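What follows is a short report on a single structure.
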Amino acid sequence: TISLVDMGTRKETKRVPIGKEPHHLMITPDDQHLIVANAASNNLVFLDPATGNIIKRVEKISDPYQIGYSPNKKYFVSASLRLDQTDIYEAQTFKLLKRISTPKAPSHIAFNADSTLTFITLQDTNEVAAIDLATQQIQWKIKVGPTPAGIWMTPDDKHLLVGLTGADGVDVIDWRKPAVIARITT
């Protein structure tokens with residue numbers, strides 16, 4: 001289920017049955033819908049973010065765990081944690097362009113600003129992979145700290161920040177080299 005919560009009262013106002021194993025969610029690039037990735041249902045559910053009403057379902061999205069649109073809105077990427085694959089779709093039609101083997105445990109997604117690359121954390125191999133979106137090929141992989149999960153591009157498009165769930169820190173990657181240039185710990 002998905003719960004709608006009133007931010008003023010912090011109380012649940014509605015609960016919507018959504019599908020099996022909802023994981024990550026995101027707002028569409030036009031801010032019109034909230035997309036929920038249902039891993040075991042193999043679908044995406046588009047909701048009205050104000051009401052929680054289901055607008056549509058997109059079926060046959062293989063094990064979507066983490067999802068994302070490229071900044072140019074040409075590609076839609078889905079990381080399939082359990083199936084060790086990353087799928088690249090045409091963003092408007094959700095036509096599968098390429099399924100890429102990305103072992104082991106691809107989990108989170110980031111993009112560079114010009115939409116040429118997507119970056120995927122591989123939790124069980126302690127790596128980050130870069131995939132060229134035009135060719136749908138892995139461009140490089142690099143080792144990072146233990147159990148990488150969340151990944152974000154810095155606003156200046158210079159570095160990737162990789163959250164390490166197996167350590168108390170964040171690795172900073174110069175993705176153009178590619179190299180880990182720092183580990184920030186608390």
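Going through the structure tokens in order, the chains are called A, B, and so on, while each chain numbers its residues from 1 and the ligands are numbered from 1 in the order shown.
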Restrict the calculation to only C-alpha atoms, then for each residue of region 48-145 of chain A with any atom at most 10 Å from an atom of region 15-19 of chain A give the closest atom pair and their distance in Å to one decimal, rows by chain and rising residue number, as a Markdown table.
```
| residue | atom | partner | partner_atom | distance |
| --- | --- | --- | --- | --- |
| A:Gly52 | CA | A:Val16 | CA | 6.9 |
| A:Asn53 | CA | A:Val16 | CA | 7.8 |
| A:Ile54 | CA | A:Ile18 | CA | 8.4 |
| A:Arg57 | CA | A:Ile18 | CA | 9.8 |
```
Any chance you could export the current selection's all heavy atoms as a PDB file, in the first residue's frame?
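Saved as result_22.pdb:
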```
ATOM      1  N   GLY A  52      -4.004  10.585  -4.427  1.00  0.00           N
ATOM      2  CA  GLY A  52      -3.636   9.182  -4.286  1.00  0.00           C
ATOM      3  C   GLY A  52      -4.397   8.274  -5.236  1.00  0.00           C
ATOM      4  O   GLY A  52      -4.200   7.059  -5.219  1.00  0.00           O
ATOM      5  N   ASN A  53      -5.254   8.852  -6.081  1.00  0.00           N
ATOM      6  CA  ASN A  53      -6.001   8.035  -7.031  1.00  0.00           C
ATOM      7  C   ASN A  53      -5.064   7.474  -8.094  1.00  0.00           C
ATOM      8  O   ASN A  53      -4.178   8.169  -8.583  1.00  0.00           O
ATOM      9  CB  ASN A  53      -7.108   8.851  -7.710  1.00  0.00           C
ATOM     10  CG  ASN A  53      -8.180   9.268  -6.727  1.00  0.00           C
ATOM     11  OD1 ASN A  53      -8.385   8.626  -5.688  1.00  0.00           O
ATOM     12  ND2 ASN A  53      -8.874  10.353  -7.035  1.00  0.00           N
ATOM     13  N   ILE A  54      -5.293   6.208  -8.445  1.00  0.00           N
ATOM     14  CA  ILE A  54      -4.492   5.570  -9.484  1.00  0.00           C
ATOM     15  C   ILE A  54      -4.936   6.095 -10.848  1.00  0.00           C
ATOM     16  O   ILE A  54      -6.120   6.065 -11.180  1.00  0.00           O
ATOM     17  CB  ILE A  54      -4.614   4.034  -9.417  1.00  0.00           C
ATOM     18  CG1 ILE A  54      -4.013   3.530  -8.095  1.00  0.00           C
ATOM     19  CG2 ILE A  54      -3.927   3.385 -10.617  1.00  0.00           C
ATOM     20  CD1 ILE A  54      -4.188   2.050  -7.844  1.00  0.00           C
ATOM     21  N   ARG A  57      -1.500   2.100 -14.893  1.00  0.00           N
ATOM     22  CA  ARG A  57      -0.438   1.133 -14.602  1.00  0.00           C
ATOM     23  C   ARG A  57       0.317   0.856 -15.891  1.00  0.00           C
ATOM     24  O   ARG A  57      -0.283   0.769 -16.954  1.00  0.00           O
ATOM     25  CB  ARG A  57      -1.010  -0.188 -14.084  1.00  0.00           C
ATOM     26  CG  ARG A  57      -1.595  -0.096 -12.701  1.00  0.00           C
ATOM     27  CD  ARG A  57      -2.120  -1.466 -12.239  1.00  0.00           C
ATOM     28  NE  ARG A  57      -2.839  -1.322 -10.992  1.00  0.00           N
ATOM     29  CZ  ARG A  57      -2.291  -1.465  -9.789  1.00  0.00           C
ATOM     30  NH1 ARG A  57      -1.022  -1.779  -9.674  1.00  0.00           N
ATOM     31  NH2 ARG A  57      -3.020  -1.304  -8.709  1.00  0.00           N
TER      32      ARG A  57
END
```
Would you kindly return, as a CSV table (one decimal) with all heavy atoms, in the first residue's frame, each protein, DNA or RNA residue with an atom no farther than 10 Å from any atom of Thr185 (chain A), considering only C-alpha atoms and excluding same-chain residues fewer than 2 positions away?
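Result file is out-v4.csv:
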```csv
chain,number,residue,atom,x,y,z
A,164,LEU,N,27.3,4.8,1.5
A,164,LEU,CA,27.8,3.5,1.9
A,164,LEU,C,27.0,2.9,3.1
A,164,LEU,O,27.2,3.4,4.2
A,164,LEU,CB,29.3,3.5,2.2
A,164,LEU,CG,30.1,4.1,1.0
A,164,LEU,CD1,31.6,4.3,1.5
A,164,LEU,CD2,30.0,3.3,-0.2
A,167,ALA,N,29.3,1.1,5.6
A,167,ALA,CA,30.3,1.9,6.3
A,167,ALA,C,29.6,3.2,6.7
A,167,ALA,O,28.6,3.6,6.2
A,167,ALA,CB,31.5,2.2,5.5
A,168,ASP,N,30.3,4.0,7.6
A,168,ASP,CA,29.7,5.2,8.0
A,168,ASP,C,30.3,6.3,7.1
A,168,ASP,O,31.2,7.0,7.5
A,168,ASP,CB,30.0,5.5,9.5
A,168,ASP,CG,29.3,6.7,10.1
A,168,ASP,OD1,28.3,7.1,9.4
A,168,ASP,OD2,29.7,7.1,11.1
A,169,GLY,N,29.8,6.4,5.9
A,169,GLY,CA,30.4,7.4,5.0
A,169,GLY,C,29.8,7.5,3.6
A,169,GLY,O,28.8,6.8,3.3
A,170,VAL,N,30.4,8.4,2.9
A,170,VAL,CA,30.0,8.7,1.5
A,170,VAL,C,31.3,8.7,0.7
A,170,VAL,O,32.2,9.4,1.0
A,170,VAL,CB,29.3,10.0,1.4
A,170,VAL,CG1,29.0,10.4,-0.1
A,170,VAL,CG2,28.0,10.0,2.1
A,171,ASP,N,31.3,8.0,-0.5
A,171,ASP,CA,32.4,8.1,-1.4
A,171,ASP,C,32.1,9.2,-2.4
A,171,ASP,O,31.0,9.3,-2.9
A,171,ASP,CB,32.7,6.7,-2.1
A,171,ASP,CG,33.6,5.8,-1.3
A,171,ASP,OD1,34.0,6.2,-0.2
A,171,ASP,OD2,33.8,4.7,-1.7
A,182,ALA,N,37.6,10.8,-2.6
A,182,ALA,CA,37.5,11.0,-1.2
A,182,ALA,C,36.5,10.1,-0.6
A,182,ALA,O,35.5,9.7,-1.2
A,182,ALA,CB,37.2,12.5,-0.9
A,183,ARG,N,36.6,9.9,0.7
A,183,ARG,CA,35.6,9.3,1.5
A,183,ARG,C,35.3,10.2,2.7
A,183,ARG,O,36.2,10.6,3.4
A,183,ARG,CB,36.0,7.9,2.1
A,183,ARG,CG,34.9,7.4,3.0
A,183,ARG,CD,34.9,5.9,3.3
A,183,ARG,NE,34.8,5.1,2.1
A,183,ARG,CZ,35.3,3.9,1.9
A,183,ARG,NH1,36.0,3.3,2.9
A,183,ARG,NH2,35.2,3.3,0.8
```
Long-range neighbours of Ala39 (chain A) as a PyMOL selection string, 12 Å cut-off, only C-alpha atoms, 2 positions minimum in chain:
chain A and resi 18-25+36-37+41-45+59-67+78-83+107
Could you write out that same residue set with N, CA, C and O atoms as a short mmCIF file (atom, residue, chain, number, x, y, z; two decimals), in the first residue's frame?
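The new file result_32.cif reads:
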```cif
data_model
loop_
_atom_site.label_atom_id
_atom_site.label_comp_id
_atom_site.auth_asym_id
_atom_site.auth_seq_id
_atom_site.Cartn_x
_atom_site.Cartn_y
_atom_site.Cartn_z
N ILE A 18 -1.59 -0.91 -3.80
CA ILE A 18 -0.78 -0.49 -4.94
C ILE A 18 -0.20 -1.65 -5.73
O ILE A 18 0.00 -1.55 -6.94
N GLY A 19 0.11 -2.77 -5.10
CA GLY A 19 0.74 -3.90 -5.77
C GLY A 19 1.72 -4.59 -4.85
O GLY A 19 1.89 -4.20 -3.69
N LYS A 20 2.38 -5.62 -5.38
CA LYS A 20 3.32 -6.40 -4.57
C LYS A 20 4.70 -5.75 -4.54
O LYS A 20 5.26 -5.42 -5.57
N GLU A 21 5.19 -5.59 -3.33
CA GLU A 21 6.51 -5.06 -3.06
C GLU A 21 6.79 -3.69 -3.67
O GLU A 21 7.70 -3.51 -4.46
N PRO A 22 6.00 -2.68 -3.28
CA PRO A 22 6.35 -1.32 -3.72
C PRO A 22 7.68 -0.92 -3.08
O PRO A 22 7.88 -1.13 -1.89
N HIS A 23 8.57 -0.41 -3.88
CA HIS A 23 9.87 0.01 -3.37
C HIS A 23 10.02 1.51 -3.51
O HIS A 23 9.48 2.26 -2.72
N HIS A 24 10.70 1.95 -4.53
CA HIS A 24 10.96 3.37 -4.69
C HIS A 24 9.84 4.06 -5.44
O HIS A 24 9.07 3.42 -6.15
N LEU A 25 9.78 5.37 -5.24
CA LEU A 25 8.80 6.17 -5.95
C LEU A 25 9.45 7.47 -6.37
O LEU A 25 10.48 7.86 -5.85
N VAL A 36 5.08 4.72 -8.61
CA VAL A 36 5.50 3.74 -7.61
C VAL A 36 6.00 2.51 -8.36
O VAL A 36 5.29 1.98 -9.24
N ALA A 37 7.20 2.04 -8.03
CA ALA A 37 7.78 0.84 -8.63
C ALA A 37 7.40 -0.37 -7.78
O ALA A 37 7.79 -0.46 -6.62
N SER A 41 5.25 -7.17 -8.54
CA SER A 41 4.14 -7.06 -9.49
C SER A 41 4.62 -6.76 -10.91
O SER A 41 3.84 -6.82 -11.85
N ASN A 42 5.91 -6.41 -11.05
CA ASN A 42 6.48 -6.10 -12.36
C ASN A 42 5.72 -5.00 -13.08
O ASN A 42 5.39 -5.10 -14.26
N ASN A 43 5.43 -3.92 -12.32
CA ASN A 43 4.74 -2.80 -12.95
C ASN A 43 5.06 -1.49 -12.27
O ASN A 43 5.69 -1.44 -11.21
N LEU A 44 4.63 -0.43 -12.93
CA LEU A 44 4.71 0.93 -12.39
C LEU A 44 3.28 1.41 -12.22
O LEU A 44 2.44 1.17 -13.09
N VAL A 45 3.01 2.09 -11.12
CA VAL A 45 1.69 2.66 -10.89
C VAL A 45 1.84 4.17 -10.83
O VAL A 45 2.66 4.70 -10.08
N GLU A 59 2.52 -2.11 -17.27
CA GLU A 59 2.86 -3.50 -16.99
C GLU A 59 4.15 -3.90 -17.69
O GLU A 59 4.66 -3.19 -18.55
N LYS A 60 4.64 -5.06 -17.31
CA LYS A 60 5.82 -5.68 -17.92
C LYS A 60 7.08 -4.84 -17.76
O LYS A 60 7.90 -4.74 -18.68
N ILE A 61 7.22 -4.24 -16.59
CA ILE A 61 8.48 -3.59 -16.20
C ILE A 61 9.13 -4.57 -15.24
O ILE A 61 8.64 -4.79 -14.14
N SER A 62 10.20 -5.20 -15.66
CA SER A 62 10.78 -6.33 -14.94
C SER A 62 11.41 -5.92 -13.61
O SER A 62 12.42 -5.22 -13.59
N ASP A 63 10.78 -6.34 -12.51
CA ASP A 63 11.33 -6.17 -11.17
C ASP A 63 11.86 -4.76 -10.89
O ASP A 63 13.01 -4.58 -10.50
N PRO A 64 11.04 -3.73 -11.07
CA PRO A 64 11.54 -2.38 -10.84
C PRO A 64 11.79 -2.12 -9.35
O PRO A 64 10.89 -2.21 -8.53
N TYR A 65 13.01 -1.85 -9.01
CA TYR A 65 13.38 -1.54 -7.63
C TYR A 65 13.57 -0.03 -7.50
O TYR A 65 12.80 0.66 -6.88
N GLN A 66 14.60 0.51 -8.16
CA GLN A 66 14.82 1.95 -8.24
C GLN A 66 14.57 2.37 -9.68
O GLN A 66 14.92 1.63 -10.61
N ILE A 67 14.00 3.54 -9.88
CA ILE A 67 13.63 4.01 -11.21
C ILE A 67 14.07 5.45 -11.39
O ILE A 67 14.29 6.17 -10.42
N SER A 78 15.41 1.41 -15.05
CA SER A 78 14.94 0.63 -13.91
C SER A 78 16.04 -0.32 -13.47
O SER A 78 16.53 -1.12 -14.27
N ALA A 79 16.43 -0.24 -12.19
CA ALA A 79 17.40 -1.16 -11.61
C ALA A 79 16.64 -2.31 -10.96
O ALA A 79 15.75 -2.08 -10.15
N SER A 80 16.98 -3.53 -11.34
CA SER A 80 16.31 -4.72 -10.81
C SER A 80 17.24 -5.42 -9.83
O SER A 80 18.06 -6.26 -10.22
N LEU A 81 17.10 -5.07 -8.58
CA LEU A 81 17.98 -5.55 -7.52
C LEU A 81 18.07 -7.08 -7.48
O LEU A 81 19.15 -7.64 -7.46
N ARG A 82 16.91 -7.74 -7.49
CA ARG A 82 16.91 -9.21 -7.34
C ARG A 82 17.38 -9.93 -8.60
O ARG A 82 17.88 -11.05 -8.51
N LEU A 83 17.19 -9.35 -9.77
CA LEU A 83 17.49 -10.04 -11.02
C LEU A 83 18.84 -9.66 -11.62
O LEU A 83 19.19 -10.13 -12.70
N SER A 107 21.17 -1.28 -7.45
CA SER A 107 20.13 -0.74 -6.57
C SER A 107 19.71 0.69 -6.86
O SER A 107 18.54 0.97 -6.94
#
```
Looking at A:Ile181, A:Leu133, A:Ala113, A:Met153, which one is nearest to Arg99 (chain A), with distances taken over only C-alpha atoms?
A:Leu133
Considering only strand (DSSP E) as DSSP defines it on the backbone, what residues of region 50-179 of chain A qualify? List them as a VMD selection string.
chain A and resid 54 to 59 66 to 69 75 to 80 85 to 90 96 to 101 106 to 111 117 to 122 127 to 132 137 to 143 148 to 153 159 to 164 169 to 174 179
Would you list the contacts of region 139-142 of chain A as JSON, numbers by chain, taking every protein, DNA or RNA residue within 8 Å and counting only C-alpha atoms, but skipping same-chain residues closer than 3 positions in sequence?
{"A": [127, 128, 129, 130, 131, 132, 178, 179]}
Kindly save the residues from that selection, with N, CA, C and O atoms included, as a PDB file, in the first residue's frame.
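Contents of out-v3.pdb, as written:
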```pdb
ATOM      1  N   GLU A 127      30.622  -1.826  -6.093  1.00  0.00           N
ATOM      2  CA  GLU A 127      31.032  -1.116  -7.294  1.00  0.00           C
ATOM      3  C   GLU A 127      29.962  -0.113  -7.712  1.00  0.00           C
ATOM      4  O   GLU A 127      28.820  -0.195  -7.295  1.00  0.00           O
ATOM      5  N   VAL A 128      30.389   0.800  -8.586  1.00  0.00           N
ATOM      6  CA  VAL A 128      29.481   1.676  -9.317  1.00  0.00           C
ATOM      7  C   VAL A 128      29.763   1.414 -10.793  1.00  0.00           C
ATOM      8  O   VAL A 128      30.918   1.331 -11.205  1.00  0.00           O
ATOM      9  N   ALA A 129      28.680   1.256 -11.576  1.00  0.00           N
ATOM     10  CA  ALA A 129      28.806   1.064 -13.019  1.00  0.00           C
ATOM     11  C   ALA A 129      28.263   2.301 -13.733  1.00  0.00           C
ATOM     12  O   ALA A 129      27.271   2.888 -13.300  1.00  0.00           O
ATOM     13  N   ALA A 130      28.918   2.658 -14.836  1.00  0.00           N
ATOM     14  CA  ALA A 130      28.438   3.735 -15.707  1.00  0.00           C
ATOM     15  C   ALA A 130      27.961   3.094 -17.000  1.00  0.00           C
ATOM     16  O   ALA A 130      28.688   2.305 -17.615  1.00  0.00           O
ATOM     17  N   ILE A 131      26.736   3.428 -17.395  1.00  0.00           N
ATOM     18  CA  ILE A 131      26.152   2.889 -18.628  1.00  0.00           C
ATOM     19  C   ILE A 131      25.937   4.036 -19.602  1.00  0.00           C
ATOM     20  O   ILE A 131      25.311   5.040 -19.256  1.00  0.00           O
ATOM     21  N   ASP A 132      26.462   3.863 -20.813  1.00  0.00           N
ATOM     22  CA  ASP A 132      26.251   4.826 -21.885  1.00  0.00           C
ATOM     23  C   ASP A 132      24.809   4.656 -22.364  1.00  0.00           C
ATOM     24  O   ASP A 132      24.417   3.572 -22.800  1.00  0.00           O
ATOM     25  N   PRO A 178      37.465   7.478 -14.376  1.00  0.00           N
ATOM     26  CA  PRO A 178      36.726   7.527 -13.108  1.00  0.00           C
ATOM     27  C   PRO A 178      37.608   7.103 -11.933  1.00  0.00           C
ATOM     28  O   PRO A 178      38.438   6.206 -12.074  1.00  0.00           O
ATOM     29  N   ALA A 179      37.364   7.738 -10.778  1.00  0.00           N
ATOM     30  CA  ALA A 179      38.150   7.433  -9.586  1.00  0.00           C
ATOM     31  C   ALA A 179      37.417   7.923  -8.339  1.00  0.00           C
ATOM     32  O   ALA A 179      36.758   8.961  -8.372  1.00  0.00           O
TER      33      ALA A 179
END
```
Pick out the residues sitting within 12 Å of Gln92 (chain A), and hand them over as an NGL selection string; count only C-alpha atoms, and ignore anything fewer than 2 positions along from it in its own chain.
:A and (28-29 or 58 or 69-70 or 72-76 or 89-90 or 94-96)
Save out the residues we just selected, all heavy atoms, as a CSV table (one decimal), in the first residue's frame.
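result.csv written:
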```
chain,number,residue,atom,x,y,z
A,28,THR,N,6.9,12.4,-11.7
A,28,THR,CA,7.3,12.5,-13.1
A,28,THR,C,7.9,13.8,-13.4
A,28,THR,O,7.7,14.8,-12.6
A,28,THR,CB,6.0,12.3,-13.9
A,28,THR,OG1,5.0,13.3,-13.6
A,28,THR,CG2,5.4,10.9,-13.8
A,29,PRO,N,8.7,13.9,-14.5
A,29,PRO,CA,9.4,15.1,-14.8
A,29,PRO,C,8.4,16.3,-14.9
A,29,PRO,O,8.8,17.5,-14.7
A,29,PRO,CB,10.1,14.8,-16.1
A,29,PRO,CG,10.3,13.4,-16.1
A,29,PRO,CD,9.1,12.8,-15.4
A,58,VAL,N,1.6,0.7,-15.8
A,58,VAL,CA,2.4,0.3,-16.9
A,58,VAL,C,3.0,-1.1,-16.5
A,58,VAL,O,3.7,-1.3,-15.5
A,58,VAL,CB,3.6,1.3,-17.2
A,58,VAL,CG1,4.5,0.7,-18.2
A,58,VAL,CG2,3.1,2.6,-17.5
A,69,TYR,N,14.1,8.9,-14.6
A,69,TYR,CA,14.2,9.5,-16.0
A,69,TYR,C,15.5,10.2,-16.2
A,69,TYR,O,16.0,10.9,-15.3
A,69,TYR,CB,13.0,10.5,-16.1
A,69,TYR,CG,11.7,10.0,-16.3
A,69,TYR,CD1,10.8,9.8,-15.2
A,69,TYR,CD2,11.2,9.7,-17.6
A,69,TYR,CE1,9.5,9.3,-15.4
A,69,TYR,CE2,9.9,9.2,-17.7
A,69,TYR,CZ,9.1,9.0,-16.7
A,69,TYR,OH,7.8,8.5,-16.8
A,70,SER,N,16.0,10.1,-17.4
A,70,SER,CA,17.2,10.9,-17.7
A,70,SER,C,16.8,12.3,-17.7
A,70,SER,O,15.6,12.6,-18.0
A,70,SER,CB,17.8,10.4,-19.1
A,70,SER,OG,16.8,10.6,-20.1
A,72,ASN,N,17.1,14.6,-19.9
A,72,ASN,CA,16.5,15.0,-21.2
A,72,ASN,C,15.2,14.3,-21.4
A,72,ASN,O,14.6,14.5,-22.5
A,72,ASN,CB,17.5,14.8,-22.3
A,72,ASN,CG,17.7,13.3,-22.6
A,72,ASN,OD1,17.2,12.4,-22.0
A,72,ASN,ND2,18.6,13.0,-23.6
A,73,LYS,N,14.7,13.5,-20.5
A,73,LYS,CA,13.4,12.8,-20.6
A,73,LYS,C,13.3,11.8,-21.7
A,73,LYS,O,12.2,11.4,-22.1
A,73,LYS,CB,12.3,13.8,-20.5
A,73,LYS,CG,12.3,14.7,-19.3
A,73,LYS,CD,11.3,15.8,-19.4
A,73,LYS,CE,11.5,16.9,-18.4
A,73,LYS,NZ,12.7,17.6,-18.6
A,74,LYS,N,14.4,11.4,-22.3
A,74,LYS,CA,14.4,10.4,-23.4
A,74,LYS,C,14.4,9.0,-22.9
A,74,LYS,O,13.8,8.1,-23.5
A,74,LYS,CB,15.7,10.7,-24.3
A,74,LYS,CG,15.7,9.8,-25.5
A,74,LYS,CD,16.9,10.2,-26.4
A,74,LYS,CE,17.0,9.2,-27.6
A,74,LYS,NZ,18.1,9.6,-28.5
A,75,TYR,N,15.1,8.7,-21.8
A,75,TYR,CA,15.2,7.4,-21.3
A,75,TYR,C,14.6,7.2,-19.9
A,75,TYR,O,14.6,8.2,-19.1
A,75,TYR,CB,16.7,7.0,-21.1
A,75,TYR,CG,17.5,7.1,-22.4
A,75,TYR,CD1,18.3,8.2,-22.7
A,75,TYR,CD2,17.4,6.1,-23.4
A,75,TYR,CE1,19.0,8.3,-23.9
A,75,TYR,CE2,18.1,6.2,-24.6
A,75,TYR,CZ,18.9,7.3,-24.8
A,75,TYR,OH,19.6,7.4,-26.0
A,76,PHE,N,14.1,6.0,-19.6
A,76,PHE,CA,13.6,5.7,-18.3
A,76,PHE,C,14.4,4.4,-17.9
A,76,PHE,O,14.5,3.5,-18.7
A,76,PHE,CB,12.1,5.3,-18.4
A,76,PHE,CG,11.5,4.9,-17.0
A,76,PHE,CD1,11.1,5.9,-16.2
A,76,PHE,CD2,11.4,3.6,-16.6
A,76,PHE,CE1,10.5,5.6,-14.9
A,76,PHE,CE2,10.9,3.3,-15.4
A,76,PHE,CZ,10.4,4.3,-14.5
A,89,TYR,N,14.6,1.9,-21.0
A,89,TYR,CA,13.3,2.0,-21.8
A,89,TYR,C,13.3,3.4,-22.5
A,89,TYR,O,13.9,4.3,-22.0
A,89,TYR,CB,12.1,2.0,-20.8
A,89,TYR,CG,11.9,0.7,-20.1
A,89,TYR,CD1,12.5,0.4,-18.9
A,89,TYR,CD2,11.1,-0.4,-20.6
A,89,TYR,CE1,12.4,-0.8,-18.2
A,89,TYR,CE2,11.0,-1.6,-20.0
A,89,TYR,CZ,11.6,-1.8,-18.8
A,89,TYR,OH,11.5,-3.0,-18.1
A,90,GLU,N,12.5,3.4,-23.5
A,90,GLU,CA,12.2,4.7,-24.2
A,90,GLU,C,11.2,5.3,-23.2
A,90,GLU,O,10.2,4.7,-22.9
A,90,GLU,CB,11.6,4.4,-25.6
A,90,GLU,CG,11.5,5.7,-26.4
A,90,GLU,CD,10.4,6.6,-26.1
A,90,GLU,OE1,9.3,6.1,-25.8
A,90,GLU,OE2,10.6,7.8,-26.1
A,94,PHE,N,7.7,3.4,-22.9
A,94,PHE,CA,8.2,2.3,-22.0
A,94,PHE,C,8.5,1.1,-22.8
A,94,PHE,O,8.4,0.0,-22.3
A,94,PHE,CB,7.2,2.0,-20.9
A,94,PHE,CG,7.1,3.1,-19.9
A,94,PHE,CD1,6.1,4.1,-19.9
A,94,PHE,CD2,8.1,3.3,-18.9
A,94,PHE,CE1,6.0,5.1,-19.0
A,94,PHE,CE2,8.0,4.3,-18.0
A,94,PHE,CZ,7.0,5.2,-18.1
A,95,LYS,N,8.9,1.3,-24.1
A,95,LYS,CA,9.4,0.2,-24.9
A,95,LYS,C,10.8,-0.1,-24.4
A,95,LYS,O,11.7,0.8,-24.3
A,95,LYS,CB,9.5,0.6,-26.4
A,95,LYS,CG,10.1,-0.4,-27.2
A,95,LYS,CD,10.3,0.0,-28.7
A,95,LYS,CE,11.0,-1.0,-29.5
A,95,LYS,NZ,11.6,-0.5,-30.6
A,96,LEU,N,11.1,-1.4,-24.1
A,96,LEU,CA,12.4,-1.8,-23.6
A,96,LEU,C,13.4,-1.7,-24.8
A,96,LEU,O,13.2,-2.3,-25.8
A,96,LEU,CB,12.3,-3.3,-23.2
A,96,LEU,CG,13.6,-3.9,-22.6
A,96,LEU,CD1,14.1,-3.1,-21.4
A,96,LEU,CD2,13.5,-5.4,-22.4
```
Counting only C-alpha atoms, the option among A:Ser115, A:Val172, A:Leu47, A:Ile55 closest to Ile27 (chain A):
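That would be A:Leu47, the residue with the smallest distance to Ile27 (chain A).
What separates CA of Pro71 (chain A) from CA of Lys143 (chain A) is a distance of 25.7 Å.
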For Lys98 (chain A), find every residue with an atom within 9 Å (counting only C-alpha atoms), except residues of its own chain fewer than 2 positions away, and show them as a PyMOL selection string.
chain A and resi 86-89+96+100+136-137
Spatial neighbours of Trp152 (chain A), max dist 6 Å, only C-alpha atoms, sep filter under 6 positions, as a list in words
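That gives Ala110, Leu160 and Leu161 of chain A.
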Identify which of the residues A:Gly8, A:Pro103, A:Gly145, A:Pro49 lies closest to Val180 (chain A), counting only C-alpha atoms when measuring atom-to-atom distances.
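Closest residue, counting only C-alpha atoms: A:Gly145.
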